[in-house]
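Contents: one structure, followed by commentary.
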Amino acid sequence: MISLIDKKKCVGCHACVQRCPKSCIRMKEDEEGFLYPETAVSLCIDCHLCERVCPVLSPKEEGRQPEVYAMKNRDEEVRSRSSSGGIFSLVAAEILTEGGVVFGARLNDRWEVVHDYTEQLQGLPPFLGSKYVQSKIGNSYRQAEQFLKAGRCVLFSGTPCQIAGLLGYLGEEKGHLITLDVICHGVPSPRIWDSYLRELLGKKLAVGEEALVKEVSFRNKEQGWKNYNFVIQGTAENSVGIKKWISEPWKENSFMRGFLGDLYLRPSCYACPVKSFRSGSDLTLGDFWGIEEVLPEWDDDRGISAVFVHSEKGKEVIQRIKDKCEGVESRYEYVVRRNPSLEKSVTEPRNRQYFFTHWKEKPLIPFIEEMVKPVSQGKWKRLIRKLVRLLKSGKRYE
Ligand SMILES: Cc1cc2nc3c(=O)[nH]c(=O)nc-3n(C[C@H](O)[C@H](O)[C@H](O)COP(=O)(O)OP(=O)(O)OC[C@H]3O[C@@H](n4cnc5c(N)ncnc54)[C@H](O)[C@@H]3O)c2cc1C
Ligand code: SF4
Ligand code: SF4
Ligand code: SF4
């Protein structure tokens with residue numbers, strides 16, 4: 001039976017919930033907005049299945065060195081809607097065209113991030129692009145299992161811990177499954193995302209006006225791939241025309257600053273159990289940051305994917321899309337030097353606990369800004385003076 005003491009030891013994948021034969025585990029939201037399993041002890045039959053499928057309690061070995069490619073989709077429109085080189089879209093379209101099913105993360109009508117699936121090419125666009133919030137997996141492992149049992153090909157995409165959870169859940173019965181994960185910095189709290197969105201819209205609208213959000217893009221490329229914008233657009237009820245409520249470079253947007261400042265990531269992201277390709281996926285996609293140093297002629301600032309191929313299945317699907325993309329073989333070292341998230345978890349900021357203790361007491365957006373603001377010059381001077389004093393006082397005791 002799963003009994004959680006340390007929150008860092010649960011990635012929130014729902015594998016235990018979906019596998020339990022007595023349905024005695026449910027996910028419950030904590031005060032930070034993340035979901036954790038809770039077991040009804042009286043119903044448990046001690047079968048240990050939940051522990052066996054858990055990617056933290058039953059971890060996998062470090063993956064072998066994969067083949068590495070720099071790749072980009074030839075379709076510029078699709079590449080512009082994707083976060084890096086638009087390779088996910090090509091792989092997904094290939095599976096759908098062959099009659100398969102694609103699972104991934106999308107925003108629902110309440111602008112929450114959820115895992116879902118499509119069997120149609122027309123259903124693919126909502127799955128494109130990175131959403132920087134932990135997605136709710138729900139029953140999607142069970143749904144994928146049903147498609148696989150019916151002999152369908154399934155492409156399941158997500159964060160590495162979600163793929164590790166799926167593979168643990170399925171065990172040996174994988175059928176025609178292809179798994180694709182992303183290089184993962186970490187996932188922000190869904191509750192912080194929801195509060196941020198509400199507060200932002202509240203500022204943009206007149207009193208009593210309702211917002212009809214039409215689009216949220218965490219990675220809008222209108223100003224380029226490297227200096228991407230965070231964009232929310234929509235319309236106010238009873239008014240005409242689409243308004244861009246916010247369109248800010250990521251470095252200036254409070255939600256993105258809090259995310260990249262690691263302020264409100266899931267606790268497991270500070271001790272990620274699936275770094276270094278431990279998820280067991282067939283393919284891993286990421287941004288090929290630093291492409292200008294490795295392949296300067298490819299540096300068009302419209303997005304290049306780093307593609308890692310881990311298995312024969314992965315190799316085969318990349319072969320199938322090769323006419324629709326450009327690709328060049330590359331090296332792991334070229335990607336990892338600008339993408340430490342491949343190997344290392346981020347460090348938990350010292351003020352994270354303070355943030356989560358006090359965030360409900362004040363307006364969120366200025367509070368995020370206060371928490372992530374760089375140390376001012378005055379503070380640096382005070383810190384240096386303190387250090388000098390400490391060093392001097394140390395000498396006196398020699
Ligand atoms: C939370 C998160 C952190 C990331 N951190 C890094 C990083 O540190 N370095 C790096 O190089 N790349 C990172 N990426 C990956 C990168 O942003 C691109 O998603 C990836 O390169 C694929 O790009 P693409 O253009 O091929 O496809 P896109 O169309 O951009 O990718 C869509 C894919 O991302 C998946 N996805 C989107 N949001 C989520 C989510 N919330 N949860 C699970 N899956 C999701 C979809 O299911 C789909 O498979 C991260 C992505 C996410 C979601
Ligand atoms: S031990 Fe078995 S019955 Fe008990 S919670 Fe885990 S999976 Fe469910
Ligand atoms: S990591 Fe997944 S399987 Fe393990 S306890 Fe958490 S939700 Fe359950
Ligand atoms: S950093 Fe690790 S634990 Fe966190 S979401 Fe990504 S894969 Fe999961």
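Residue numbering restarts at 1 in every chain; chains get A, B, ... in the order shown in the structure tokens, and ligands count up from 1 in that same order.
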Between chain A and ligand 4, at 9 Å or less, what are the per-residue closest atom pairs and their distances in Å? Count only C-alpha atoms and all ligand atoms, order by chain and rising residue number, and return it as JSON lines.
```
{"residue": "A:Lys8", "atom": "CA", "partner": "ligand 4", "partner_atom_place_in_ligand_line": "3 (S)", "distance": 8.5}
{"residue": "A:Lys9", "atom": "CA", "partner": "ligand 4", "partner_atom_place_in_ligand_line": "3 (S)", "distance": 9.0}
{"residue": "A:Cys10", "atom": "CA", "partner": "ligand 4", "partner_atom_place_in_ligand_line": "3 (S)", "distance": 8.0}
{"residue": "A:Val11", "atom": "CA", "partner": "ligand 4", "partner_atom_place_in_ligand_line": "3 (S)", "distance": 5.1}
{"residue": "A:Gly12", "atom": "CA", "partner": "ligand 4", "partner_atom_place_in_ligand_line": "8 (Fe)", "distance": 8.2}
{"residue": "A:Cys13", "atom": "CA", "partner": "ligand 4", "partner_atom_place_in_ligand_line": "8 (Fe)", "distance": 8.4}
{"residue": "A:Gln134", "atom": "CA", "partner": "ligand 4", "partner_atom_place_in_ligand_line": "5 (S)", "distance": 6.9}
{"residue": "A:Gly158", "atom": "CA", "partner": "ligand 4", "partner_atom_place_in_ligand_line": "7 (S)", "distance": 8.8}
{"residue": "A:Thr159", "atom": "CA", "partner": "ligand 4", "partner_atom_place_in_ligand_line": "7 (S)", "distance": 5.1}
{"residue": "A:Pro160", "atom": "CA", "partner": "ligand 4", "partner_atom_place_in_ligand_line": "7 (S)", "distance": 4.3}
{"residue": "A:Cys161", "atom": "CA", "partner": "ligand 4", "partner_atom_place_in_ligand_line": "8 (Fe)", "distance": 4.3}
{"residue": "A:Gln162", "atom": "CA", "partner": "ligand 4", "partner_atom_place_in_ligand_line": "8 (Fe)", "distance": 6.7}
{"residue": "A:Ile163", "atom": "CA", "partner": "ligand 4", "partner_atom_place_in_ligand_line": "7 (S)", "distance": 8.7}
{"residue": "A:Ala164", "atom": "CA", "partner": "ligand 4", "partner_atom_place_in_ligand_line": "7 (S)", "distance": 8.8}
{"residue": "A:Asp181", "atom": "CA", "partner": "ligand 4", "partner_atom_place_in_ligand_line": "7 (S)", "distance": 8.8}
{"residue": "A:Val182", "atom": "CA", "partner": "ligand 4", "partner_atom_place_in_ligand_line": "7 (S)", "distance": 8.4}
{"residue": "A:Ile183", "atom": "CA", "partner": "ligand 4", "partner_atom_place_in_ligand_line": "6 (Fe)", "distance": 7.7}
{"residue": "A:Cys184", "atom": "CA", "partner": "ligand 4", "partner_atom_place_in_ligand_line": "6 (Fe)", "distance": 4.5}
{"residue": "A:His185", "atom": "CA", "partner": "ligand 4", "partner_atom_place_in_ligand_line": "1 (S)", "distance": 5.3}
{"residue": "A:Gly186", "atom": "CA", "partner": "ligand 4", "partner_atom_place_in_ligand_line": "1 (S)", "distance": 3.7}
{"residue": "A:Val187", "atom": "CA", "partner": "ligand 4", "partner_atom_place_in_ligand_line": "5 (S)", "distance": 4.9}
{"residue": "A:Pro188", "atom": "CA", "partner": "ligand 4", "partner_atom_place_in_ligand_line": "5 (S)", "distance": 8.5}
{"residue": "A:Leu265", "atom": "CA", "partner": "ligand 4", "partner_atom_place_in_ligand_line": "4 (Fe)", "distance": 7.5}
{"residue": "A:Arg266", "atom": "CA", "partner": "ligand 4", "partner_atom_place_in_ligand_line": "4 (Fe)", "distance": 6.4}
{"residue": "A:Pro267", "atom": "CA", "partner": "ligand 4", "partner_atom_place_in_ligand_line": "4 (Fe)", "distance": 7.8}
{"residue": "A:Ser268", "atom": "CA", "partner": "ligand 4", "partner_atom_place_in_ligand_line": "3 (S)", "distance": 4.8}
{"residue": "A:Cys269", "atom": "CA", "partner": "ligand 4", "partner_atom_place_in_ligand_line": "4 (Fe)", "distance": 3.5}
{"residue": "A:Tyr270", "atom": "CA", "partner": "ligand 4", "partner_atom_place_in_ligand_line": "1 (S)", "distance": 7.1}
{"residue": "A:Ala271", "atom": "CA", "partner": "ligand 4", "partner_atom_place_in_ligand_line": "3 (S)", "distance": 7.2}
{"residue": "A:Cys272", "atom": "CA", "partner": "ligand 4", "partner_atom_place_in_ligand_line": "2 (Fe)", "distance": 4.1}
{"residue": "A:Pro273", "atom": "CA", "partner": "ligand 4", "partner_atom_place_in_ligand_line": "2 (Fe)", "distance": 6.3}
{"residue": "A:Val274", "atom": "CA", "partner": "ligand 4", "partner_atom_place_in_ligand_line": "2 (Fe)", "distance": 5.9}
{"residue": "A:Lys275", "atom": "CA", "partner": "ligand 4", "partner_atom_place_in_ligand_line": "2 (Fe)", "distance": 6.6}
{"residue": "A:Ser279", "atom": "CA", "partner": "ligand 4", "partner_atom_place_in_ligand_line": "7 (S)", "distance": 8.2}
{"residue": "A:Ser341", "atom": "CA", "partner": "ligand 4", "partner_atom_place_in_ligand_line": "1 (S)", "distance": 7.8}
{"residue": "A:Lys344", "atom": "CA", "partner": "ligand 4", "partner_atom_place_in_ligand_line": "1 (S)", "distance": 9.0}
{"residue": "A:Ser345", "atom": "CA", "partner": "ligand 4", "partner_atom_place_in_ligand_line": "1 (S)", "distance": 6.5}
{"residue": "A:Val346", "atom": "CA", "partner": "ligand 4", "partner_atom_place_in_ligand_line": "1 (S)", "distance": 8.0}
```
Hey, which residues sit close to ligand 2? Say within 8 Å, counting only C-alpha atoms and all ligand atoms, and write them as an MDAnalysis selection string. chainID A and resid 1:2 16:17 19:25 39:41 43:51
Enumerate residues in contact with ligand 1: an atom-to-atom distance of at most 6 Å, counting only C-alpha atoms and all ligand atoms. Format the result as a ChimeraX atom specification. /A:82-89,104-105,127-135,157-159,182-187,285-287,305,339,341
Run DSSP on the backbone and grab whatever in segment 50-290 of chain A lands in strand (DSSP E or B); send it over as a ChimeraX atom specification. /A:67-73,101-107,113-118,136,154-158,177-182,188,211-220,229-236,243-249,265,283-287
Considering only C-alpha atoms, return as a PyMOL selection string whatever protein or nucleic-acid residues lie within 12 Å of segment 60-69 of chain A, sequence-local ones (same chain, fewer than 6 positions apart) excluded. chain A and resi 52-54+85+87+160-161+163-165+167-168+273-288+291+294-295+304-312+314-315+318+322+325-336+342-343
Keeping C-alpha atoms, export the residues of the selection given above as a PDB file, in the first residue's frame.
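Below you can see part-v8.pdb, which holds the result:
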```
ATOM      1  CA  ARG A  52       4.928  -2.176  -8.356  1.00  0.00           C
ATOM      2  CA  VAL A  53       3.573   0.312 -10.920  1.00  0.00           C
ATOM      3  CA  CYS A  54       4.890   3.419  -9.128  1.00  0.00           C
ATOM      4  CA  GLY A  85      10.858  22.346 -34.227  1.00  0.00           C
ATOM      5  CA  ILE A  87       8.459  17.256 -34.509  1.00  0.00           C
ATOM      6  CA  PRO A 160       9.138  11.704 -18.485  1.00  0.00           C
ATOM      7  CA  CYS A 161       7.460  10.818 -15.163  1.00  0.00           C
ATOM      8  CA  ILE A 163       5.689   8.039 -19.426  1.00  0.00           C
ATOM      9  CA  ALA A 164       7.418   6.099 -16.621  1.00  0.00           C
ATOM     10  CA  GLY A 165       4.031   5.851 -14.853  1.00  0.00           C
ATOM     11  CA  LEU A 167       5.000   1.936 -18.650  1.00  0.00           C
ATOM     12  CA  GLY A 168       4.809   0.768 -15.023  1.00  0.00           C
ATOM     13  CA  PRO A 273      13.440  10.310 -10.294  1.00  0.00           C
ATOM     14  CA  VAL A 274      13.507  10.020 -14.106  1.00  0.00           C
ATOM     15  CA  LYS A 275      16.348  12.276 -15.258  1.00  0.00           C
ATOM     16  CA  SER A 276      18.946  10.881 -17.695  1.00  0.00           C
ATOM     17  CA  PHE A 277      16.361   9.046 -19.809  1.00  0.00           C
ATOM     18  CA  ARG A 278      15.048   6.821 -17.005  1.00  0.00           C
ATOM     19  CA  SER A 279      11.465   7.056 -18.272  1.00  0.00           C
ATOM     20  CA  GLY A 280      11.872   4.231 -20.795  1.00  0.00           C
ATOM     21  CA  SER A 281      10.381   6.320 -23.651  1.00  0.00           C
ATOM     22  CA  ASP A 282      11.015   5.601 -27.341  1.00  0.00           C
ATOM     23  CA  LEU A 283      11.638   9.265 -28.202  1.00  0.00           C
ATOM     24  CA  THR A 284      12.526  12.418 -26.261  1.00  0.00           C
ATOM     25  CA  LEU A 285      12.034  15.922 -27.688  1.00  0.00           C
ATOM     26  CA  GLY A 286      13.439  19.229 -26.497  1.00  0.00           C
ATOM     27  CA  ASP A 287      14.594  22.643 -27.641  1.00  0.00           C
ATOM     28  CA  PHE A 288      17.960  22.620 -29.370  1.00  0.00           C
ATOM     29  CA  ILE A 291      21.984  25.606 -32.292  1.00  0.00           C
ATOM     30  CA  VAL A 294      26.625  23.912 -33.636  1.00  0.00           C
ATOM     31  CA  LEU A 295      24.752  24.516 -36.915  1.00  0.00           C
ATOM     32  CA  ILE A 304      14.759  23.589 -33.784  1.00  0.00           C
ATOM     33  CA  SER A 305      14.018  20.345 -31.941  1.00  0.00           C
ATOM     34  CA  ALA A 306      16.610  18.167 -30.264  1.00  0.00           C
ATOM     35  CA  VAL A 307      15.407  14.613 -30.921  1.00  0.00           C
ATOM     36  CA  PHE A 308      16.683  11.634 -28.899  1.00  0.00           C
ATOM     37  CA  VAL A 309      15.948   8.169 -30.281  1.00  0.00           C
ATOM     38  CA  HIS A 310      16.034   5.397 -27.675  1.00  0.00           C
ATOM     39  CA  SER A 311      14.597   2.332 -29.392  1.00  0.00           C
ATOM     40  CA  GLU A 312      13.935   0.539 -32.676  1.00  0.00           C
ATOM     41  CA  GLY A 314      11.495   5.300 -32.127  1.00  0.00           C
ATOM     42  CA  LYS A 315      13.909   4.891 -35.047  1.00  0.00           C
ATOM     43  CA  ILE A 318      11.488   8.911 -37.314  1.00  0.00           C
ATOM     44  CA  LYS A 322      11.809  11.924 -42.738  1.00  0.00           C
ATOM     45  CA  CYS A 325      11.252  17.307 -42.001  1.00  0.00           C
ATOM     46  CA  GLU A 326      14.906  18.233 -42.174  1.00  0.00           C
ATOM     47  CA  GLY A 327      17.314  16.474 -39.856  1.00  0.00           C
ATOM     48  CA  VAL A 328      21.027  16.301 -39.110  1.00  0.00           C
ATOM     49  CA  GLU A 329      22.755  13.867 -36.746  1.00  0.00           C
ATOM     50  CA  SER A 330      24.168  15.609 -33.695  1.00  0.00           C
ATOM     51  CA  ARG A 331      25.719  14.886 -30.298  1.00  0.00           C
ATOM     52  CA  TYR A 332      24.384  14.580 -26.760  1.00  0.00           C
ATOM     53  CA  GLU A 333      27.092  16.963 -25.437  1.00  0.00           C
ATOM     54  CA  TYR A 334      25.861  19.734 -27.748  1.00  0.00           C
ATOM     55  CA  VAL A 335      22.360  19.594 -26.269  1.00  0.00           C
ATOM     56  CA  VAL A 336      23.138  18.983 -22.604  1.00  0.00           C
ATOM     57  CA  LEU A 342      18.363  16.465 -19.148  1.00  0.00           C
ATOM     58  CA  GLU A 343      20.465  15.306 -16.207  1.00  0.00           C
TER      59      GLU A 343
END
```
At a cut-off of 12 Å, using only C-alpha atoms, what residues contact Pro190 of chain A? Leave out same-chain residues fewer than 3 positions from it and give the result as a PyMOL selection string. chain A and resi 29-35+107+110-114+131-136+187+193-197+255+259+264-266
From the DSSP assignment of the backbone, select every residue of segment 79-247 of chain A that is helix (DSSP H, G or I), and format the answer as a ChimeraX atom specification. /A:79-81,87-97,121-123,125-127,140-149,160-170,190-204
Provide the atom CA of Trp359 of chain A to atom CA of Leu260 of chain A distance in Å, to one decimal place.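 Those two atoms sit 17.8 Å apart.
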As a list in words, please: the residues near segment 139-156 of chain A (cut-off 7 Å, only C-alpha atoms, same-chain neighbours under 3 positions excluded). Gln18, Ala92, Ile95, Gly100, Val101, Val102, Phe103, Gly104, His115, Asp116, Leu166, Gly175, His176, Leu177, Ile178, Thr179 and Leu180 of chain A
For a test of reading the model, state the distance in Å between atom 6 (Fe, counted along the ligand's line) of ligand 3 and atom CA of Val216 of chain A, rounded to one decimal.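 It comes out at 28.5 Å.
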When you draw a straight line from atom CA of Ser42 of chain A to atom 8 (Fe, counted along the ligand's line) of ligand 3, how long is it in Å?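 Going from atom CA of Ser42 of chain A over to atom 8 (Fe, counted along the ligand's line) of ligand 3, I get 18.2 Å.
For the set A:Gly224, A:Pro249, A:Gly138, A:Gly99, the residue with the smallest atom-to-atom gap to ligand 3 is A:Gly138, counting only C-alpha atoms and all ligand atoms.
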